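**Q** Just one file: my_file.tsv, with TSV, C-alpha atoms.
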```
chain	number	residue	atom	x	y	z
A	1	MET	CA	98.84	-1.98	13.72
A	2	VAL	CA	96.27	-3.13	11.17
A	3	TRP	CA	93.41	-1.96	13.37
A	4	ILE	CA	95.14	1.38	13.88
A	5	ALA	CA	95.62	1.77	10.11
A	6	LEU	CA	92.01	0.75	9.44
A	7	ALA	CA	90.77	3.20	12.06
A	8	ALA	CA	92.85	5.95	10.48
A	9	VAL	CA	91.43	5.17	7.04
A	10	VAL	CA	87.88	5.22	8.40
A	11	LEU	CA	88.55	8.52	10.16
A	12	LEU	CA	89.98	10.07	6.97
A	13	LEU	CA	86.99	8.77	5.01
A	14	LEU	CA	84.56	10.34	7.47
A	15	LEU	CA	86.44	13.64	7.33
A	16	ALA	CA	86.43	13.52	3.53
A	17	LEU	CA	82.70	12.84	3.43
A	18	ARG	CA	82.11	15.75	5.80
A	19	TRP	CA	84.31	17.98	3.64
A	20	VAL	CA	82.57	16.99	0.40
A	21	SER	CA	79.17	17.49	2.01
A	22	GLN	CA	80.00	21.20	2.49
A	23	PRO	CA	79.70	23.06	-0.84
A	24	SER	CA	81.83	25.93	0.41
A	25	GLN	CA	84.79	23.56	0.84
A	26	VAL	CA	84.41	22.20	-2.69
A	27	ALA	CA	83.98	25.69	-4.13
A	28	GLY	CA	87.01	26.96	-2.23
A	29	LEU	CA	89.23	24.18	-3.60
A	30	ILE	CA	88.06	24.76	-7.18
A	31	LEU	CA	88.50	28.53	-6.94
A	32	ARG	CA	92.02	28.13	-5.56
A	33	GLN	CA	92.97	25.81	-8.40
A	34	VAL	CA	91.44	28.08	-11.04
A	35	GLY	CA	93.02	31.15	-9.43
A	36	ASN	CA	96.47	29.58	-9.33
A	37	ALA	CA	96.20	28.61	-12.99
A	38	LEU	CA	95.12	32.11	-14.07
A	39	GLY	CA	97.19	34.25	-11.72
A	40	LEU	CA	94.04	35.48	-9.94
A	41	GLU	CA	92.86	35.66	-6.37
A	42	ILE	CA	89.26	34.39	-6.46
A	43	THR	CA	86.96	34.29	-3.44
A	44	ALA	CA	83.28	33.46	-2.95
A	45	SER	CA	81.94	34.64	0.42
A	46	GLY	CA	78.28	33.74	-0.22
A	47	ALA	CA	76.52	30.39	-0.01
A	48	SER	CA	77.73	27.83	-2.59
A	49	GLU	CA	76.11	24.71	-3.98
A	50	TYR	CA	77.07	21.88	-6.30
A	51	ARG	CA	75.54	18.84	-7.99
A	52	LEU	CA	77.31	15.67	-9.12
A	53	ARG	CA	74.41	13.66	-10.56
A	54	GLY	CA	73.75	14.02	-14.26
A	55	THR	CA	75.65	17.07	-15.48
A	56	PRO	CA	77.93	18.41	-12.69
A	57	MET	CA	76.99	21.92	-11.55
A	58	LEU	CA	78.69	24.47	-9.34
A	59	ALA	CA	77.07	27.73	-8.17
A	60	ILE	CA	79.05	30.30	-6.19
A	61	ARG	CA	77.88	33.64	-4.79
A	62	ASP	CA	79.44	36.97	-3.88
A	63	VAL	CA	82.43	36.28	-6.11
A	64	VAL	CA	85.46	38.59	-6.28
A	65	ALA	CA	88.38	38.03	-8.68
A	66	ARG	CA	91.48	40.21	-8.75
A	67	GLN	CA	94.95	39.96	-10.21
A	68	SER	CA	97.41	38.81	-7.55
A	69	GLY	CA	98.55	41.89	-5.63
A	70	ALA	CA	96.07	44.27	-7.32
A	71	SER	CA	93.82	46.54	-5.26
A	72	THR	CA	90.97	46.74	-7.79
A	73	PRO	CA	89.00	43.57	-8.64
A	74	LEU	CA	88.60	42.85	-12.34
A	75	LEU	CA	85.35	40.95	-11.65
A	76	ARG	CA	82.60	40.90	-9.04
A	77	ALA	CA	79.40	38.87	-9.32
A	78	GLU	CA	76.40	38.10	-7.14
A	79	ARG	CA	76.24	34.60	-8.56
A	80	ILE	CA	78.11	32.44	-11.08
A	81	LYS	CA	76.60	29.13	-12.13
A	82	LEU	CA	78.61	26.63	-14.18
A	83	GLU	CA	77.36	23.38	-15.71
A	84	LEU	CA	79.89	21.12	-17.44
A	85	PRO	CA	79.85	17.48	-18.53
A	86	TRP	CA	81.90	14.76	-16.84
A	87	SER	CA	84.07	14.48	-19.96
A	88	THR	CA	85.26	18.03	-19.38
A	89	VAL	CA	85.94	17.36	-15.69
A	90	ARG	CA	88.02	14.28	-16.51
A	91	ALA	CA	89.90	16.07	-19.32
A	92	ARG	CA	91.57	18.43	-16.79
A	93	GLY	CA	91.62	21.39	-19.18
A	94	ASP	CA	92.22	19.57	-22.46
A	95	ASP	CA	88.48	19.78	-23.27
A	96	LEU	CA	86.77	23.16	-22.75
A	97	THR	CA	83.22	22.02	-23.45
A	98	VAL	CA	80.77	23.66	-21.03
A	99	LYS	CA	77.03	23.17	-20.97
A	100	ARG	CA	75.95	26.56	-19.58
A	101	ILE	CA	77.25	29.63	-17.77
A	102	GLU	CA	75.02	32.06	-15.88
A	103	LEU	CA	76.16	35.33	-14.29
A	104	ASP	CA	73.99	37.49	-12.03
A	105	ALA	CA	75.05	41.13	-11.67
A	106	PRO	CA	78.65	40.72	-12.85
A	107	GLN	CA	80.78	43.87	-12.62
A	108	VAL	CA	83.87	44.15	-14.82
A	109	ASP	CA	86.55	46.82	-14.48
A	110	VAL	CA	88.00	47.29	-17.99
A	111	THR	CA	91.34	48.72	-16.86
A	112	ALA	CA	91.96	45.94	-14.32
A	113	LEU	CA	90.86	43.32	-16.86
A	114	GLN	CA	93.23	44.61	-19.54
A	115	HIS	CA	96.13	44.76	-17.06
A	116	TRP	CA	95.53	41.09	-16.24
A	117	LEU	CA	95.13	40.06	-19.90
A	118	ALA	CA	98.47	41.71	-20.68
A	119	THR	CA	100.17	39.23	-18.32
A	120	ARG	CA	98.73	36.13	-20.01
A	121	PRO	CA	100.70	34.35	-22.74
A	122	PRO	CA	99.00	34.34	-26.16
A	123	SER	CA	98.95	30.53	-26.21
A	124	GLU	CA	96.38	30.55	-23.39
A	125	THR	CA	93.76	32.28	-25.53
A	126	ARG	CA	91.28	29.42	-25.96
A	127	ILE	CA	87.58	29.70	-26.73
A	128	PRO	CA	85.32	27.25	-24.87
A	129	THR	CA	82.37	25.45	-26.40
A	130	LEU	CA	79.05	26.38	-24.75
A	131	THR	CA	76.38	23.87	-25.72
A	132	ASP	CA	73.57	25.62	-23.81
A	133	GLY	CA	74.94	29.13	-23.96
A	134	LEU	CA	75.73	32.09	-21.74
A	135	HIS	CA	73.17	34.18	-19.85
A	136	VAL	CA	74.03	37.48	-18.12
A	137	VAL	CA	71.61	39.68	-16.17
A	138	ARG	CA	72.17	43.10	-14.58
A	139	GLY	CA	75.78	43.30	-15.70
A	140	ARG	CA	78.03	46.34	-15.43
A	141	VAL	CA	81.26	47.30	-17.25
A	142	THR	CA	83.27	50.26	-15.95
A	143	GLY	CA	85.79	52.26	-17.96
A	144	ASP	CA	87.59	55.57	-17.49
A	145	GLY	CA	84.79	58.13	-17.06
A	146	TRP	CA	82.05	55.86	-18.45
A	147	SER	CA	80.15	52.69	-17.64
A	148	VAL	CA	77.70	50.32	-19.29
A	149	GLU	CA	74.97	49.24	-16.87
A	150	VAL	CA	71.93	46.91	-16.62
A	151	ILE	CA	73.49	44.63	-19.21
A	152	ASP	CA	71.41	41.64	-20.29
A	153	LEU	CA	73.14	39.19	-22.63
A	154	ASP	CA	71.73	36.03	-24.21
A	155	LEU	CA	74.16	33.84	-26.16
A	156	PRO	CA	72.34	30.60	-27.10
A	157	ASP	CA	75.52	28.64	-27.91
A	158	LEU	CA	79.19	29.13	-28.73
A	159	HIS	CA	81.68	27.08	-30.74
A	160	PRO	CA	85.24	28.15	-31.65
A	161	GLN	CA	84.75	27.44	-35.36
A	162	ARG	CA	81.09	28.35	-35.87
A	163	PRO	CA	79.08	31.58	-36.24
A	164	ALA	CA	77.58	32.93	-33.03
A	165	LYS	CA	74.49	35.04	-32.41
A	166	ALA	CA	73.55	37.06	-29.33
A	167	GLN	CA	71.08	39.60	-27.99
A	168	LEU	CA	72.45	42.50	-25.95
A	169	ARG	CA	70.65	45.18	-23.97
A	170	GLY	CA	71.97	47.83	-21.61
A	171	ARG	CA	72.70	51.50	-21.04
A	172	LEU	CA	75.95	53.43	-21.45
A	173	ILE	CA	76.44	56.29	-18.97
A	174	SER	CA	78.93	59.15	-19.18
A	175	GLY	CA	78.24	62.11	-16.93
A	176	GLU	CA	74.66	63.23	-17.53
A	177	VAL	CA	74.41	61.38	-20.85
A	178	ARG	CA	72.47	58.11	-21.12
A	179	VAL	CA	72.74	55.79	-24.14
A	180	PRO	CA	70.26	52.88	-23.91
A	181	PHE	CA	70.62	50.15	-26.54
A	182	ASP	CA	68.84	46.98	-27.64
A	183	LEU	CA	70.90	45.05	-30.20
A	184	ASP	CA	71.22	41.81	-32.12
A	185	ALA	CA	74.79	40.72	-32.84
A	186	VAL	CA	76.41	38.03	-34.99
A	187	MET	CA	80.03	36.87	-35.39
A	188	THR	CA	81.47	34.71	-38.16
A	189	ARG	CA	83.35	32.91	-35.36
A	190	PRO	CA	84.66	33.98	-31.93
A	191	ALA	CA	88.28	34.63	-32.90
A	192	GLU	CA	90.76	37.38	-33.73
A	193	GLY	CA	89.99	38.96	-37.10
A	194	ALA	CA	86.48	37.53	-37.30
A	195	GLY	CA	83.68	39.60	-38.80
A	196	ILE	CA	80.99	41.04	-36.55
A	197	GLY	CA	77.64	42.61	-37.35
A	198	VAL	CA	75.30	44.50	-35.02
A	199	SER	CA	71.87	46.02	-35.61
A	200	GLY	CA	69.21	47.55	-33.40
A	201	ASP	CA	68.13	50.65	-31.50
A	202	ILE	CA	70.57	53.09	-29.89
A	203	SER	CA	69.46	56.37	-28.28
A	204	ILE	CA	71.49	59.26	-26.86
A	205	GLN	CA	69.68	61.10	-24.07
A	206	SER	CA	70.87	64.37	-22.56
A	207	LYS	CA	68.14	66.64	-21.22
A	208	PRO	CA	66.41	68.37	-22.88
A	209	TRP	CA	67.34	66.61	-26.15
A	210	THR	CA	67.39	63.02	-27.38
A	211	LEU	CA	68.84	61.37	-30.46
A	212	ALA	CA	67.17	58.08	-31.43
A	213	THR	CA	68.80	55.86	-34.06
A	214	ASP	CA	68.14	52.64	-35.92
A	215	THR	CA	71.75	51.52	-36.31
A	216	THR	CA	73.68	48.92	-38.31
A	217	LEU	CA	77.36	48.27	-37.48
A	218	SER	CA	80.03	46.01	-38.92
A	219	GLY	CA	83.74	45.42	-38.41
A	220	ARG	CA	86.50	42.91	-37.67
A	221	LEU	CA	87.47	41.92	-34.15
A	222	HIS	CA	90.90	43.08	-32.96
A	223	SER	CA	92.98	42.34	-29.87
A	224	GLY	CA	96.55	43.55	-29.43
A	225	ASP	CA	98.95	45.74	-27.49
A	226	ASP	CA	96.89	48.77	-28.48
A	227	GLY	CA	93.75	47.31	-26.88
A	228	VAL	CA	90.66	45.49	-28.07
A	229	GLY	CA	88.19	46.81	-30.62
A	230	LEU	CA	87.13	46.72	-34.23
A	231	ASP	CA	88.99	47.26	-37.48
A	232	ARG	CA	87.16	48.41	-40.64
A	233	LEU	CA	84.37	49.83	-38.50
A	234	ARG	CA	81.30	50.87	-40.51
A	235	VAL	CA	78.19	52.43	-38.96
A	236	ALA	CA	74.99	53.50	-40.72
A	237	ALA	CA	72.07	55.02	-38.82
A	238	ASP	CA	68.65	56.47	-39.49
A	239	ALA	CA	68.54	59.12	-36.78
A	240	ARG	CA	66.00	61.52	-35.32
A	241	TYR	CA	66.89	64.51	-33.12
A	242	ARG	CA	64.18	65.70	-30.71
A	243	ASN	CA	64.29	68.80	-28.53
A	244	GLY	CA	61.00	70.35	-27.43
A	245	ASP	CA	58.93	70.90	-30.58
A	246	ALA	CA	61.89	70.14	-32.83
A	247	ASP	CA	61.79	66.73	-34.55
A	248	LEU	CA	64.59	66.45	-37.10
A	249	PRO	CA	65.34	63.28	-39.11
A	250	PHE	CA	68.70	62.70	-40.79
A	251	VAL	CA	71.03	59.93	-41.95
A	252	LEU	CA	74.45	59.31	-40.36
A	253	GLY	CA	77.41	57.31	-41.65
A	254	LEU	CA	80.66	56.64	-39.80
A	255	ALA	CA	83.84	54.71	-40.61
A	256	GLY	CA	87.10	54.19	-38.75
A	257	ARG	CA	89.06	52.06	-36.29
A	258	LEU	CA	87.72	51.51	-32.77
A	259	ARG	CA	89.91	50.74	-29.78
A	260	MET	CA	89.36	50.28	-26.05
A	261	HIS	CA	92.59	50.64	-24.06
A	262	GLU	CA	93.28	51.48	-20.43
A	263	GLY	CA	89.54	52.05	-19.95
A	264	GLU	CA	89.30	54.67	-22.72
A	265	LEU	CA	87.30	54.33	-25.94
A	266	ASP	CA	88.51	56.01	-29.12
A	267	ILE	CA	87.77	55.98	-32.84
A	268	ALA	CA	90.67	57.20	-34.97
A	269	PRO	CA	90.97	57.81	-37.80
A	270	LEU	CA	87.30	58.68	-38.12
A	271	GLY	CA	85.25	59.46	-41.21
A	272	LEU	CA	81.80	61.04	-40.80
A	273	ALA	CA	78.97	61.77	-43.24
A	274	VAL	CA	75.66	63.47	-42.37
A	275	ARG	CA	72.75	63.92	-44.74
A	276	GLY	CA	70.15	66.20	-43.20
A	277	ARG	CA	67.57	68.84	-43.84
A	278	GLY	CA	66.10	71.70	-41.84
A	279	LEU	CA	68.45	72.52	-38.97
A	280	ILE	CA	70.61	69.47	-39.69
A	281	PRO	CA	73.31	70.24	-42.29
A	282	THR	CA	74.69	67.94	-44.98
A	283	LEU	CA	78.41	67.49	-44.34
A	284	ASP	CA	81.44	65.24	-44.74
A	285	ALA	CA	84.30	65.24	-42.25
A	286	ARG	CA	87.27	63.34	-40.88
A	287	GLY	CA	88.91	63.42	-37.48
A	288	GLY	CA	88.81	61.52	-34.20
A	289	PHE	CA	86.65	60.64	-31.19
A	290	GLU	CA	87.75	59.75	-27.64
A	291	LEU	CA	85.67	58.96	-24.58
A	292	GLY	CA	87.30	58.72	-21.16
A	293	ASP	CA	87.24	61.20	-18.28
A	294	THR	CA	86.22	63.71	-20.95
A	295	LEU	CA	84.76	63.56	-24.44
A	296	VAL	CA	87.10	64.74	-27.19
A	297	MET	CA	85.96	65.27	-30.78
A	298	GLN	CA	87.96	66.77	-33.64
A	299	LEU	CA	86.46	67.13	-37.12
A	300	ASP	CA	87.78	68.73	-40.28
A	301	GLY	CA	85.40	68.78	-43.25
A	302	ASP	CA	82.94	70.59	-45.49
A	303	ILE	CA	79.32	71.70	-45.07
A	304	ALA	CA	77.71	71.35	-48.50
A	305	GLN	CA	75.39	74.35	-48.13
A	306	TRP	CA	74.34	76.73	-45.38
A	307	PRO	CA	71.01	75.23	-44.09
A	308	GLU	CA	67.97	77.34	-44.92
A	309	SER	CA	66.66	76.98	-41.35
A	310	TRP	CA	69.80	78.60	-39.91
A	311	PRO	CA	69.90	82.41	-39.57
A	312	ALA	CA	70.39	83.91	-43.05
A	313	LEU	CA	73.88	85.01	-44.05
A	314	PRO	CA	74.34	88.50	-45.52
A	315	ALA	CA	75.03	88.88	-49.24
A	316	ALA	CA	77.29	88.04	-50.95
A	317	ILE	CA	78.31	85.33	-48.47
A	318	GLY	CA	74.84	83.81	-48.38
A	319	GLN	CA	74.44	83.78	-52.17
A	320	SER	CA	77.67	81.91	-52.83
A	321	PRO	CA	77.28	78.28	-54.03
A	322	SER	CA	80.63	77.32	-52.50
A	323	PRO	CA	80.79	74.72	-49.71
A	324	LEU	CA	81.87	75.79	-46.24
A	325	PRO	CA	85.12	74.15	-45.04
A	326	PHE	CA	85.10	73.86	-41.23
A	327	GLN	CA	87.17	72.73	-38.26
A	328	PHE	CA	85.33	71.58	-35.13
A	329	VAL	CA	86.97	70.85	-31.76
A	330	TYR	CA	85.21	69.84	-28.54
A	331	ARG	CA	86.71	68.79	-25.21
A	332	GLY	CA	84.52	68.44	-22.13
A	333	GLN	CA	81.50	66.69	-20.68
A	334	ALA	CA	79.76	64.09	-22.84
A	335	ASP	CA	76.54	66.15	-22.90
A	336	LEU	CA	78.30	68.69	-25.20
A	337	SER	CA	77.73	71.49	-22.66
A	338	ALA	CA	81.39	72.63	-22.64
A	339	VAL	CA	82.89	75.18	-25.03
A	340	THR	CA	83.11	74.19	-28.70
A	341	SER	CA	85.66	75.76	-31.04
A	342	LEU	CA	84.60	76.27	-34.65
A	343	GLN	CA	86.30	77.70	-37.72
A	344	VAL	CA	84.25	78.15	-40.91
A	345	ARG	CA	85.26	79.61	-44.27
A	346	ARG	CA	83.47	80.48	-47.50
A	347	ASP	CA	85.38	82.07	-50.33
A	348	GLY	CA	87.28	84.96	-48.69
A	349	THR	CA	85.13	85.11	-45.54
A	350	ALA	CA	86.33	83.39	-42.35
A	351	PHE	CA	84.80	82.90	-38.91
A	352	ASN	CA	86.78	81.75	-35.87
A	353	GLY	CA	84.82	81.42	-32.65
A	354	ARG	CA	83.73	79.53	-29.57
A	355	PHE	CA	80.27	78.72	-28.26
A	356	ARG	CA	78.28	76.31	-26.10
A	357	LEU	CA	76.10	74.06	-28.24
A	358	PRO	CA	72.99	73.99	-25.97
A	359	GLN	CA	72.89	77.81	-25.88
A	360	MET	CA	73.41	78.04	-29.65
A	361	LEU	CA	70.57	75.58	-30.35
A	362	ASP	CA	68.25	77.55	-28.04
A	363	TRP	CA	69.16	80.75	-29.90
A	364	ILE	CA	68.44	79.16	-33.29
A	365	ASP	CA	65.10	77.76	-32.03
A	366	ALA	CA	64.09	81.19	-30.70
A	367	GLY	CA	64.37	82.74	-34.19
A	368	ALA	CA	63.00	86.29	-34.37
A	369	GLN	CA	61.79	86.07	-30.76
A	370	GLY	CA	65.32	85.91	-29.38
A	371	SER	CA	68.39	88.09	-29.34
A	372	PRO	CA	69.64	89.32	-32.74
A	373	LEU	CA	73.21	88.40	-31.73
A	374	PRO	CA	74.29	84.77	-31.37
A	375	PRO	CA	75.68	83.57	-28.00
A	376	LEU	CA	79.29	83.13	-29.05
A	377	ASP	CA	82.76	84.57	-28.69
A	378	GLY	CA	84.80	85.05	-31.85
A	379	ARG	CA	85.72	87.03	-34.93
A	380	LEU	CA	84.29	87.30	-38.46
A	381	ALA	CA	86.39	88.74	-41.28
A	382	SER	CA	85.13	89.31	-44.85
A	383	PRO	CA	86.39	91.32	-47.83
A	384	ARG	CA	82.83	92.34	-48.76
A	385	ILE	CA	79.38	92.20	-47.11
A	386	GLU	CA	76.08	93.67	-48.32
A	387	ILE	CA	73.59	94.72	-45.63
A	388	ALA	CA	70.31	96.57	-46.35
A	389	GLY	CA	71.61	97.81	-49.70
A	390	ALA	CA	74.89	99.05	-48.25
A	391	VAL	CA	78.20	97.51	-49.33
A	392	LEU	CA	80.84	97.15	-46.65
A	393	GLU	CA	84.42	96.24	-47.55
A	394	GLY	CA	87.23	94.96	-45.35
A	395	VAL	CA	84.74	93.99	-42.64
A	396	GLU	CA	85.86	92.66	-39.24
A	397	ILE	CA	83.27	91.84	-36.57
A	398	GLN	CA	84.17	90.84	-33.02
A	399	PHE	CA	81.63	88.84	-30.98
A	400	GLY	CA	81.76	88.62	-27.20
A	401	ASP	CA	79.62	86.52	-24.86
A	402	ASP	CA	80.27	86.18	-21.12
A	403	ALA	CA	78.38	82.87	-20.86
A	404	THR	CA	80.63	81.33	-23.49
A	405	THR	CA	83.94	82.37	-21.99
A	406	SER	CA	83.00	81.63	-18.34
A	407	PRO	CA	83.85	78.14	-16.95
```
Using structure tokens, write down the structure from this file.
**A**
Amino acid sequence: MVWIALAAVVLLLLLALRWVSQPSQVAGLILRQVGNALGLEITASGASEYRLRGTPMLAIRDVVARQSGASTPLLRAERIKLELPWSTVRARGDDLTVKRIELDAPQVDVTALQHWLATRPPSETRIPTLTDGLHVVRGRVTGDGWSVEVIDLDLPDLHPQRPAKAQLRGRLISGEVRVPFDLDAVMTRPAEGAGIGVSGDISIQSKPWTLATDTTLSGRLHSGDDGVGLDRLRVAADARYRNGDADLPFVLGLAGRLRMHEGELDIAPLGLAVRGRGLIPTLDARGGFELGDTLVMQLDGDIAQWPESWPALPAAIGQSPSPLPFQFVYRGQADLSAVTSLQVRRDGTAFNGRFRLPQMLDWIDAGAQGSPLPPLDGRLASPRIEIAGAVLEGVEIQFGDDATTSP
């Protein structure tokens, strides 16, 4: 019996050595344990590798993680590499110190991620310590009607109670609009309510125009039932609009509350201030912004003065020093090519109309070389207008444009 028991032990030892010598077996066991703890189904179909000498390391490839029973993965990655000290391995979750994490081409679905996060108890929200940081290349985050692609992230180190700095590059895409960015970010600490600051270059590109900005952003991190985002959001930007020969600088300020929920991004309430010259007006407004399947903007504010570069208004409307209260509503593609609704008033004169912004900008740029009538659909009513020495009272003008009203 002793020899039989010894033979069985030797056989089990040989099988164990064979099992440990195959990285895929080790990776599979670890992923099952991690998945069971987090309520996720995690698989790695590519080649895996691990190292036990020095600092233990595990690298897994072709990773897919999904909430149990969900059809859409919340994470895919070409490769995930994890280095963690033996003290963390022996602590069995009590110590979350990690040396380094690397992710190659991770893809995150925001809606699936938020559905999973909603199932986790708040007590499980723990921030690990990264002594040698986090490195992400070619990342992608997908929301409802938008995505952020070619994400490169460098986070040198992370500690739950210390400030953190990072560099972030990528490109937001919504329809035909591209928004490349190259930013430096800092947090007072990685926790709920912590302060965050971001600065760098952000450009909005939608042929034929571009809007380049040197942007500074600040706010406080938020996570709750209404989504994740920033409270006390403040944005200041030195901006430059370019379209053909047009090169128009202006200053932009924005304040509000930012939320990302169910894959949609919104800022509400929103305060907006623009200080421009030339074709860019000076205005102050309030309203809301939402980006999902469609872009929705609503603004209610005042234009300080009618810009001199815009087509001249007839007397006495154009001679009035009064500001121009306006209401602006847009719902459509992110390139602003859909129909915009605009109401503008000055003293007793009121305009209520609809237009497509690209066509209106082309008409303004054309000046005297273009059509004398703007490409819009709407109505202008004024108690008194002076044109070529003639005084007209009780004026009502109806504008009609087939290109504006057509889908």
**Q** Dump as a Markdown table the rows for residues of region 150-261 of chain A within 10 Å of region 96-101 of chain A: closest atom pair and distance in Å with one decimal, all atoms listed in the file counted, ordered by chain and rising residue number.
**A**
```
| residue | atom | partner | partner_atom | distance |
| --- | --- | --- | --- | --- |
| A:Leu155 | CA | A:Ile101 | CA | 9.9 |
| A:Pro156 | CA | A:Arg100 | CA | 9.3 |
| A:Asp157 | CA | A:Arg100 | CA | 8.6 |
| A:Leu158 | CA | A:Val98 | CA | 9.6 |
| A:His159 | CA | A:Thr97 | CA | 9.0 |
```
**Q** Work out how far CA of Leu392 (chain A) is from CA of Pro372 (chain A), in Å to one decimal.
**A** 19.5 Å
**Q** Would you compute the distance between CA of Asp214 (chain A) and CA of Lys165 (chain A)? Give it in Å to one decimal.
**A**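 Separation of CA of Asp214 (chain A) and CA of Lys165 (chain A): 19.0 Å.
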**Q** What separation in Å, quoted to one decimal, exists between CA of Asp109 (chain A) and CA of Gly143 (chain A)?
**A**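 Going from CA of Asp109 (chain A) over to CA of Gly143 (chain A) covers 6.5 Å.
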**Q** Quick one: of A:Leu113, A:Leu153, A:Val137, A:Leu357, who's nearest to Met260 (chain A), counting only C-alpha atoms?
**A** A:Leu113
**Q** Using only C-alpha atoms, pick whichever of A:Ala70, A:Leu230, A:Ala212, A:Gly133 has the shortest atom-to-atom distance to Val179 (chain A).
**A** A:Ala212
**Q** Have a look at A:Leu373, A:Ala350, A:Ala236, A:Ala166 and name the one nearest to Glu396 (chain A); count only C-alpha atoms.
**A**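 Closest to Glu396 (chain A) of all the choices is A:Ala350.
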**Q** Let me make sure I understand: among A:Pro307, A:Gln398, A:Ile387, A:Glu41, which one has the smallest atom-to-atom distance to Asn352 (chain A) if we use all atoms listed in the file?
**A** A:Gln398
**Q** May I ask which of the residues A:Leu211, A:Ile202, A:Thr216, A:Val228 is the closest one to Leu117 (chain A), counting all atoms listed in the file?
**A** A:Val228
**Q** Taking (84.8, 40.9, -14.5) in the file's coordinates, which residues come within 6 Å, counting all atoms listed in the file, written as a PyMOL selection string?
**A** chain A and resi 74-76+107-108
**Q** Name all residues at most 7 Å from Ala194 (chain A) (count all atoms listed in the file; drop same-chain ones fewer than 5 positions away) and give them as a PyMOL selection string.
**A** chain A and resi 187-189+220-221
**Q** Go ahead and save the picked residues with C-alpha atoms, as a tab-separated table (two decimals), keeping the file's coordinate frame.
**A**
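Final output, saved to selection.tsv:
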```tsv
chain	number	residue	atom	x	y	z
A	187	MET	CA	80.03	36.87	-35.39
A	188	THR	CA	81.47	34.71	-38.16
A	189	ARG	CA	83.35	32.91	-35.36
A	220	ARG	CA	86.50	42.91	-37.67
A	221	LEU	CA	87.47	41.92	-34.15
```
**Q** What's the 10 Å shell around Gly348 (chain A), counting only C-alpha atoms, without same-chain residues fewer than 4 positions away, as a VMD selection string?
**A** chain A and resid 317 381 to 384
